[in-house]
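Next up, data.cif (mmCIF, C-alpha atoms):
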```
data_query
#
loop_
_atom_site.group_PDB
_atom_site.id
_atom_site.type_symbol
_atom_site.label_atom_id
_atom_site.label_comp_id
_atom_site.auth_asym_id
_atom_site.auth_seq_id
_atom_site.Cartn_x
_atom_site.Cartn_y
_atom_site.Cartn_z
ATOM 1 C CA ASP A 20 13.716 12.822 -9.715
ATOM 2 C CA THR A 21 12.430 10.409 -7.082
ATOM 3 C CA ALA A 22 8.841 11.281 -6.139
ATOM 4 C CA VAL A 23 8.848 9.731 -2.652
ATOM 5 C CA SER A 24 12.235 8.971 -1.201
ATOM 6 C CA GLN A 25 12.961 7.342 2.108
ATOM 7 C CA THR A 26 16.258 6.752 3.836
ATOM 8 C CA PRO A 27 17.843 4.495 4.744
ATOM 9 C CA LYS A 28 16.800 1.562 2.562
ATOM 10 C CA TYR A 29 18.218 -0.926 5.062
ATOM 11 C CA LEU A 30 18.650 -0.526 8.790
ATOM 12 C CA VAL A 31 20.107 -3.122 11.138
ATOM 13 C CA THR A 32 20.172 -2.233 14.812
ATOM 14 C CA GLN A 33 20.230 -3.753 18.258
ATOM 15 C CA MET A 34 17.314 -4.101 20.619
ATOM 16 C CA GLY A 35 16.789 -1.088 22.811
ATOM 17 C CA ASN A 36 18.215 1.414 20.342
ATOM 18 C CA ASP A 37 16.404 4.474 19.006
ATOM 19 C CA LYS A 38 16.280 5.004 15.252
ATOM 20 C CA SER A 39 14.671 7.273 12.672
ATOM 21 C CA ILE A 40 13.552 6.762 9.096
ATOM 22 C CA LYS A 41 13.249 9.810 6.890
ATOM 23 C CA CYS A 42 10.757 10.427 4.107
ATOM 24 C CA GLU A 43 10.462 13.232 1.599
ATOM 25 C CA GLN A 44 8.049 13.797 -1.284
ATOM 26 C CA ASN A 45 8.399 16.307 -4.112
ATOM 27 C CA LEU A 46 4.930 15.820 -5.599
ATOM 28 C CA GLY A 47 3.176 18.628 -3.776
ATOM 29 C CA HIS A 48 0.871 16.107 -2.123
ATOM 30 C CA ASP A 49 -1.107 17.177 0.930
ATOM 31 C CA THR A 50 -1.081 13.946 2.936
ATOM 32 C CA MET A 51 1.731 11.588 3.902
ATOM 33 C CA TYR A 52 1.553 8.132 5.465
ATOM 34 C CA TRP A 53 3.592 5.427 7.125
ATOM 35 C CA TYR A 54 2.744 1.776 6.484
ATOM 36 C CA LYS A 55 4.247 -1.323 8.053
ATOM 37 C CA GLN A 56 4.659 -4.554 6.067
ATOM 38 C CA ASP A 57 5.223 -7.550 8.297
ATOM 39 C CA SER A 58 7.000 -10.807 7.550
ATOM 40 C CA LYS A 59 3.825 -12.219 5.982
ATOM 41 C CA LYS A 60 3.676 -9.251 3.584
ATOM 42 C CA PHE A 61 0.622 -7.755 5.276
ATOM 43 C CA LEU A 62 0.484 -3.985 4.883
ATOM 44 C CA LYS A 63 -1.119 -1.872 7.566
ATOM 45 C CA ILE A 64 -1.332 1.866 7.941
ATOM 46 C CA MET A 65 0.382 3.337 10.975
ATOM 47 C CA PHE A 66 0.015 7.095 10.636
ATOM 48 C CA SER A 67 -1.043 9.816 8.268
ATOM 49 C CA TYR A 68 -0.292 13.527 8.315
ATOM 50 C CA ASN A 69 -2.363 16.162 6.561
ATOM 51 C CA ASN A 70 -1.069 19.717 6.571
ATOM 52 C CA LYS A 71 1.178 18.889 9.508
ATOM 53 C CA GLU A 72 -1.676 17.519 11.578
ATOM 54 C CA LEU A 73 -1.839 13.899 12.672
ATOM 55 C CA ILE A 74 -5.053 12.475 11.314
ATOM 56 C CA ILE A 75 -4.772 8.777 12.089
ATOM 57 C CA ASN A 76 -2.927 7.067 14.837
ATOM 58 C CA GLU A 77 -3.640 3.356 14.537
ATOM 59 C CA THR A 78 -3.044 1.026 17.466
ATOM 60 C CA VAL A 79 0.711 1.213 17.268
ATOM 61 C CA PRO A 80 2.951 1.353 20.326
ATOM 62 C CA ASN A 81 3.748 4.842 21.525
ATOM 63 C CA ARG A 82 7.410 4.027 20.951
ATOM 64 C CA PHE A 83 6.632 5.015 17.371
ATOM 65 C CA SER A 84 6.279 8.721 16.736
ATOM 66 C CA PRO A 85 5.830 10.479 13.403
ATOM 67 C CA LYS A 86 7.356 13.910 13.000
ATOM 68 C CA SER A 87 6.545 16.270 10.132
ATOM 69 C CA PRO A 88 8.647 19.445 9.913
ATOM 70 C CA ASP A 89 6.745 20.519 6.774
ATOM 71 C CA LYS A 90 4.302 19.240 4.149
ATOM 72 C CA ALA A 91 7.044 17.526 2.161
ATOM 73 C CA HIS A 92 8.550 15.502 5.012
ATOM 74 C CA LEU A 93 7.268 12.851 7.392
ATOM 75 C CA ASN A 94 9.872 11.099 9.497
ATOM 76 C CA LEU A 95 9.304 8.046 11.682
ATOM 77 C CA HIS A 96 11.110 7.843 14.997
ATOM 78 C CA ILE A 97 11.193 4.586 16.940
ATOM 79 C CA ASN A 98 12.315 4.340 20.564
ATOM 80 C CA SER A 99 13.515 1.259 22.424
ATOM 81 C CA LEU A 100 13.425 -1.034 19.423
ATOM 82 C CA GLU A 101 12.131 -4.567 19.912
ATOM 83 C CA LEU A 102 12.589 -7.733 17.857
ATOM 84 C CA GLY A 103 8.938 -7.526 16.761
ATOM 85 C CA ASP A 104 9.568 -4.169 15.119
ATOM 86 C CA SER A 105 11.503 -5.898 12.354
ATOM 87 C CA ALA A 106 9.568 -5.227 9.154
ATOM 88 C CA VAL A 107 9.550 -3.153 6.001
ATOM 89 C CA TYR A 108 8.295 0.379 6.544
ATOM 90 C CA PHE A 109 6.823 2.293 3.621
ATOM 91 C CA CYS A 110 6.284 5.987 3.335
ATOM 92 C CA ALA A 111 3.564 7.161 0.933
ATOM 93 C CA SER A 112 1.898 10.375 -0.114
ATOM 94 C CA SER A 113 -1.351 11.359 -1.785
ATOM 95 C CA LEU A 114 -3.296 14.365 -2.993
ATOM 96 C CA ARG A 115 -6.647 14.191 -1.229
ATOM 97 C CA GLY A 116 -6.413 10.407 -1.361
ATOM 98 C CA TYR A 117 -6.939 10.072 -5.078
ATOM 99 C CA GLY A 118 -3.557 8.658 -6.027
ATOM 100 C CA TYR A 119 -0.991 7.153 -3.705
ATOM 101 C CA THR A 120 2.725 7.123 -4.391
ATOM 102 C CA PHE A 121 4.935 4.877 -2.297
ATOM 103 C CA GLY A 122 8.571 5.117 -1.402
ATOM 104 C CA SER A 123 10.819 2.122 -1.958
ATOM 105 C CA GLY A 124 10.614 0.971 1.642
ATOM 106 C CA THR A 125 13.026 0.624 4.555
ATOM 107 C CA ARG A 126 13.844 -2.862 5.756
ATOM 108 C CA LEU A 127 14.375 -2.644 9.501
ATOM 109 C CA THR A 128 16.055 -5.584 11.213
ATOM 110 C CA VAL A 129 16.330 -5.609 14.983
ATOM 111 C CA VAL A 130 18.871 -8.061 16.403
ATOM 112 C CA ALA B 21 -14.283 -0.867 9.777
ATOM 113 C CA GLN B 22 -13.553 -1.750 6.201
ATOM 114 C CA THR B 23 -11.981 -5.104 5.397
ATOM 115 C CA VAL B 24 -10.442 -6.426 2.212
ATOM 116 C CA THR B 25 -10.183 -10.153 1.536
ATOM 117 C CA GLN B 26 -7.998 -11.881 -1.017
ATOM 118 C CA SER B 27 -8.826 -15.566 -0.831
ATOM 119 C CA GLN B 28 -6.012 -16.809 -3.067
ATOM 120 C CA PRO B 29 -2.629 -16.748 -1.289
ATOM 121 C CA GLU B 30 -0.930 -17.984 -4.457
ATOM 122 C CA MET B 31 -1.819 -18.356 -8.123
ATOM 123 C CA SER B 32 0.127 -19.855 -10.994
ATOM 124 C CA VAL B 33 -0.376 -19.257 -14.718
ATOM 125 C CA GLN B 34 1.385 -20.186 -17.935
ATOM 126 C CA GLU B 35 3.079 -17.395 -19.817
ATOM 127 C CA ALA B 36 0.747 -15.810 -22.411
ATOM 128 C CA GLU B 37 -2.384 -17.097 -20.678
ATOM 129 C CA THR B 38 -4.991 -15.185 -18.703
ATOM 130 C CA VAL B 39 -5.352 -15.183 -14.928
ATOM 131 C CA THR B 40 -7.908 -13.624 -12.589
ATOM 132 C CA LEU B 41 -7.131 -12.567 -9.030
ATOM 133 C CA SER B 42 -10.041 -12.290 -6.618
ATOM 134 C CA CYS B 43 -10.809 -9.571 -4.102
ATOM 135 C CA THR B 44 -13.853 -8.899 -1.960
ATOM 136 C CA TYR B 45 -14.375 -6.079 0.501
ATOM 137 C CA ASP B 46 -16.755 -5.038 3.191
ATOM 138 C CA THR B 47 -17.892 -1.465 3.695
ATOM 139 C CA SER B 48 -20.920 0.570 4.685
ATOM 140 C CA GLU B 49 -19.869 3.507 2.499
ATOM 141 C CA SER B 50 -21.471 4.115 -0.871
ATOM 142 C CA ASP B 51 -18.559 5.960 -2.434
ATOM 143 C CA TYR B 52 -14.974 4.802 -2.395
ATOM 144 C CA TYR B 53 -11.955 3.904 -4.497
ATOM 145 C CA LEU B 54 -10.497 0.473 -5.122
ATOM 146 C CA PHE B 55 -6.946 -0.271 -6.198
ATOM 147 C CA TRP B 56 -4.710 -3.085 -7.297
ATOM 148 C CA TYR B 57 -1.028 -2.732 -6.449
ATOM 149 C CA LYS B 58 1.831 -4.894 -7.663
ATOM 150 C CA GLN B 59 4.881 -5.585 -5.488
ATOM 151 C CA PRO B 60 7.735 -7.323 -7.333
ATOM 152 C CA PRO B 61 10.756 -8.721 -5.476
ATOM 153 C CA SER B 62 12.262 -5.228 -5.563
ATOM 154 C CA ARG B 63 9.476 -4.465 -2.977
ATOM 155 C CA GLN B 64 8.432 -1.268 -4.790
ATOM 156 C CA MET B 65 4.655 -0.726 -4.608
ATOM 157 C CA ILE B 66 3.374 -0.088 -8.137
ATOM 158 C CA LEU B 67 -0.163 1.028 -8.917
ATOM 159 C CA VAL B 68 -1.707 -1.312 -11.473
ATOM 160 C CA ILE B 69 -5.247 -0.007 -11.750
ATOM 161 C CA ARG B 70 -7.792 2.147 -9.930
ATOM 162 C CA GLN B 71 -11.587 2.053 -9.912
ATOM 163 C CA GLU B 72 -13.957 4.701 -8.633
ATOM 164 C CA ALA B 73 -17.064 3.103 -7.122
ATOM 165 C CA TYR B 74 -19.419 5.635 -8.735
ATOM 166 C CA LYS B 75 -18.254 4.573 -12.195
ATOM 167 C CA GLN B 76 -20.114 1.596 -13.601
ATOM 168 C CA GLN B 77 -17.571 1.048 -16.356
ATOM 169 C CA ASN B 78 -14.773 -1.329 -15.432
ATOM 170 C CA ALA B 79 -11.297 0.188 -15.479
ATOM 171 C CA THR B 80 -8.705 -1.112 -17.937
ATOM 172 C CA GLU B 81 -4.979 -0.464 -18.332
ATOM 173 C CA ASN B 82 -3.488 -2.283 -21.316
ATOM 174 C CA ARG B 83 -3.406 -6.000 -20.373
ATOM 175 C CA PHE B 84 -4.962 -5.341 -16.964
ATOM 176 C CA SER B 85 -8.685 -5.030 -16.394
ATOM 177 C CA VAL B 86 -11.043 -5.315 -13.477
ATOM 178 C CA ASN B 87 -14.464 -6.818 -12.941
ATOM 179 C CA PHE B 88 -16.127 -4.499 -10.449
ATOM 180 C CA GLN B 89 -19.366 -5.784 -8.966
ATOM 181 C CA LYS B 90 -20.523 -3.135 -6.500
ATOM 182 C CA ALA B 91 -23.547 -4.982 -5.168
ATOM 183 C CA ALA B 92 -21.487 -8.094 -4.543
ATOM 184 C CA LYS B 93 -18.558 -6.010 -3.206
ATOM 185 C CA SER B 94 -16.212 -7.817 -5.535
ATOM 186 C CA PHE B 95 -13.215 -6.381 -7.390
ATOM 187 C CA SER B 96 -11.247 -8.952 -9.382
ATOM 188 C CA LEU B 97 -8.187 -8.276 -11.518
ATOM 189 C CA LYS B 98 -7.727 -9.950 -14.887
ATOM 190 C CA ILE B 99 -4.274 -10.123 -16.439
ATOM 191 C CA SER B 100 -4.290 -11.049 -20.113
ATOM 192 C CA ASP B 101 -1.324 -12.408 -22.060
ATOM 193 C CA SER B 102 0.669 -12.969 -18.852
ATOM 194 C CA GLN B 103 4.338 -12.076 -19.029
ATOM 195 C CA LEU B 104 7.262 -13.141 -16.880
ATOM 196 C CA GLY B 105 7.502 -9.577 -15.585
ATOM 197 C CA ASP B 106 4.013 -9.884 -14.110
ATOM 198 C CA ALA B 107 5.330 -12.235 -11.427
ATOM 199 C CA ALA B 108 4.827 -10.425 -8.123
ATOM 200 C CA MET B 109 2.633 -10.029 -5.062
ATOM 201 C CA TYR B 110 -0.654 -8.338 -5.919
ATOM 202 C CA PHE B 111 -2.546 -6.382 -3.316
ATOM 203 C CA CYS B 112 -6.133 -5.254 -3.470
ATOM 204 C CA ALA B 113 -6.777 -2.033 -1.542
ATOM 205 C CA TYR B 114 -9.742 0.080 -0.480
ATOM 206 C CA ARG B 115 -10.057 3.752 0.314
ATOM 207 C CA GLY B 116 -13.234 5.291 1.629
ATOM 208 C CA LEU B 117 -14.088 8.869 0.764
ATOM 209 C CA SER B 118 -15.488 9.955 4.105
ATOM 210 C CA GLY B 119 -12.070 10.733 5.534
ATOM 211 C CA GLY B 120 -11.016 13.041 2.719
ATOM 212 C CA GLY B 121 -8.036 10.862 1.910
ATOM 213 C CA ALA B 122 -6.487 11.008 5.342
ATOM 214 C CA ASP B 123 -7.500 7.496 6.283
ATOM 215 C CA GLY B 124 -5.187 5.892 3.766
ATOM 216 C CA LEU B 125 -5.554 2.498 2.165
ATOM 217 C CA THR B 126 -6.832 -0.750 3.662
ATOM 218 C CA PHE B 127 -5.029 -3.676 2.059
ATOM 219 C CA GLY B 128 -5.844 -7.324 1.526
ATOM 220 C CA LYS B 129 -3.254 -9.938 2.449
ATOM 221 C CA GLY B 130 -2.041 -10.280 -1.102
ATOM 222 C CA THR B 131 -1.845 -12.933 -3.806
ATOM 223 C CA HIS B 132 1.516 -14.252 -4.940
ATOM 224 C CA LEU B 133 1.376 -14.630 -8.721
ATOM 225 C CA ILE B 134 3.761 -17.094 -10.357
ATOM 226 C CA ILE B 135 4.284 -17.073 -14.107
ATOM 227 C CA GLN B 136 5.340 -20.418 -15.595
ATOM 228 C CA PRO B 137 7.510 -20.060 -18.731
#
```
So, in terms of structure tokens, how does the structure I just supplied come out?
Amino acid sequence: DTAVSQTPKYLVTQMGNDKSIKCEQNLGHDTMYWYKQDSKKFLKIMFSYNNKELIINETVPNRFSPKSPDKAHLNLHINSLELGDSAVYFCASSLRGYGYTFGSGTRLTVV
Amino acid sequence: AQTVTQSQPEMSVQEAETVTLSCTYDTSESDYYLFWYKQPPSRQMILVIRQEAYKQQNATENRFSVNFQKAAKSFSLKISDSQLGDAAMYFCAYRGLSGGGADGLTFGKGTHLIIQP
């Protein structure tokens, strides 16, 4: 059983398209996150959701929108994709921030 | 805002030897957690070790141990008896406790560890 699963693992798309990345956790954790890892491997938090409420919204473009239908899911929707959005996106979850479990990442390539 | 600094972009060590990866952080909080994560080429983020700031005893996990110096805001990772499978990017991360876990992890820029056979 995969604890945090995200789909797809790879996504290649053209500039201007809209795409979504899905994330699901089966750990019963109360908080879920999206992180972006850029080409230099730097990891930065984008969003977190706690009990379906957005807690953090870092300085990311409003083309990015997290959507959480329930505690176990946090999807990332991206509008009007740009070349600079190419990166690896990680979903993660935690229980009150004590332990973090990461998904395997989605490599997004915008061409 | 908290910052995490890893001053060694790349380190190289001979198999079976010991290597220490450095990490310093800046925070005004008195209670927090510190982590080391490993990211092999598979890109999976794997928790190596965790340290609670209120604990004076350094955390250990088999061949991995930390040297936590709270006053100096230093959190180094020591890997003993290095193995080829230890080759990876290593990230130091910080989590403050004021946000109740919702503020996630702040990462350093990572250290690429190379193991020489």
### Query
Taking into account only C-alpha atoms, which residue in the set A:Asp37, A:Glu101, A:Asp89, A:Asp49 is nearest to chain B?
A:Asp49
### Message
Given the PyMOL selection byres ((chain A) within 8 of (chain B)) and the file above, list the residues it selects as an MDAnalysis selection string.
### Response
chainID A and resid 50 52 60:64 67:69 74:75 113:117 121:124
### Query
Hey, can you check how far CA of Asp57 (chain A) sits from CA of Leu73 (chain A)?
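Rounded to one decimal, the two atoms are 23.0 Å apart.
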What are the centre and the three edge lengths of an axis-aligned box that wraps all atoms of region 45-57 of chain A in the file, given that 8 Å is added to every side, written as lines of an AutoDock Vina configuration file and rounded to one decimal in Å?
```
center_x = 3.6
center_y = 5.5
center_z = 1.3
size_x = 25.5
size_y = 42.2
size_z = 29.9
```
### Output check: residues returned by the PyMOL selection byres ((chain B and resi 95) around 7), as an MDAnalysis selection string
chainID B and resid 42:44 86:89 93:94 96:97
Output of the PyMOL selection byres ((chain A and resi 36) around 7), listed as a short mmCIF file (atom, residue, chain, number, x, y, z; two decimals) with C-alpha atoms, in the coordinates of the input:
```
data_model
loop_
_atom_site.label_atom_id
_atom_site.label_comp_id
_atom_site.auth_asym_id
_atom_site.auth_seq_id
_atom_site.Cartn_x
_atom_site.Cartn_y
_atom_site.Cartn_z
CA THR A 32 20.17 -2.23 14.81
CA GLN A 33 20.23 -3.75 18.26
CA MET A 34 17.31 -4.10 20.62
CA GLY A 35 16.79 -1.09 22.81
CA ASP A 37 16.40 4.47 19.01
CA LYS A 38 16.28 5.00 15.25
CA ASN A 98 12.32 4.34 20.56
CA SER A 99 13.52 1.26 22.42
CA LEU A 100 13.42 -1.03 19.42
#
```
### Task
Would you list the residues near (-4.2, -21.4, -7.2), meaning any protein, DNA or RNA residue with an atom at most 12 Å from that point in file coordinates, counting all atoms listed in the file, as JSON, numbers by chain?
{"B": [26, 27, 28, 29, 30, 31, 32, 33, 39, 40, 41, 42, 131, 132, 133, 134, 135]}
What does the file look like for those residues with C-alpha atoms, as a PDB file, in the coordinates of the input?
```
ATOM      1  CA  GLN B  26      -7.998 -11.881  -1.017  1.00  0.00           C
ATOM      2  CA  SER B  27      -8.826 -15.566  -0.831  1.00  0.00           C
ATOM      3  CA  GLN B  28      -6.012 -16.809  -3.067  1.00  0.00           C
ATOM      4  CA  PRO B  29      -2.629 -16.748  -1.289  1.00  0.00           C
ATOM      5  CA  GLU B  30      -0.930 -17.984  -4.457  1.00  0.00           C
ATOM      6  CA  MET B  31      -1.819 -18.356  -8.123  1.00  0.00           C
ATOM      7  CA  SER B  32       0.127 -19.855 -10.994  1.00  0.00           C
ATOM      8  CA  VAL B  33      -0.376 -19.257 -14.718  1.00  0.00           C
ATOM      9  CA  VAL B  39      -5.352 -15.183 -14.928  1.00  0.00           C
ATOM     10  CA  THR B  40      -7.908 -13.624 -12.589  1.00  0.00           C
ATOM     11  CA  LEU B  41      -7.131 -12.567  -9.030  1.00  0.00           C
ATOM     12  CA  SER B  42     -10.041 -12.290  -6.618  1.00  0.00           C
ATOM     13  CA  THR B 131      -1.845 -12.933  -3.806  1.00  0.00           C
ATOM     14  CA  HIS B 132       1.516 -14.252  -4.940  1.00  0.00           C
ATOM     15  CA  LEU B 133       1.376 -14.630  -8.721  1.00  0.00           C
ATOM     16  CA  ILE B 134       3.761 -17.094 -10.357  1.00  0.00           C
ATOM     17  CA  ILE B 135       4.284 -17.073 -14.107  1.00  0.00           C
TER      18      ILE B 135
END
```
### Task
Take CA of Asn70 (chain A) and CA of Leu30 (chain A) and report the distance between them in Å, one decimal.
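It comes out at 28.3 Å.
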### Message
Using Å and a single decimal, report how far CA of Met65 (chain A) sits from CA of His48 (chain A).
### Response
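Pair CA of His48 (chain A) / CA of Met65 (chain A) returns 18.3 Å.
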## Note on the structure
Across A:Leu46, A:Val129, A:Lys86, A:Trp53, the smallest distance to Tyr108 (chain A), with all atoms listed in the file counted, is shown by A:Trp53
### Task
Write out as number ranges by chain which residues come within 9 Å of Ala21 (chain B) when counting all atoms listed in the file, dropping same-chain ones fewer than 2 positions away.
B: 23, 46-48
### Query
Of the candidates A:Gln56, A:Gln44, A:Ser39, A:Thr120, which one gets nearest to Arg82 (chain A) if we count only C-alpha atoms?
A:Ser39
### Message
When you look at Asn45 (chain A) with a cut-off of 8 Å (counting only C-alpha atoms), what residues show up, excluding the ones that are within fewer than 4 positions of it in the same chain? I need them as number ranges by chain.
### Response
A: 21-23, 91
### Task
Determine the nearest neighbour of His92 (chain A) from the options A:Ala111, A:Glu77, A:Lys28, A:Gly118, counting only C-alpha atoms.
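Nearest to His92 (chain A): A:Ala111.
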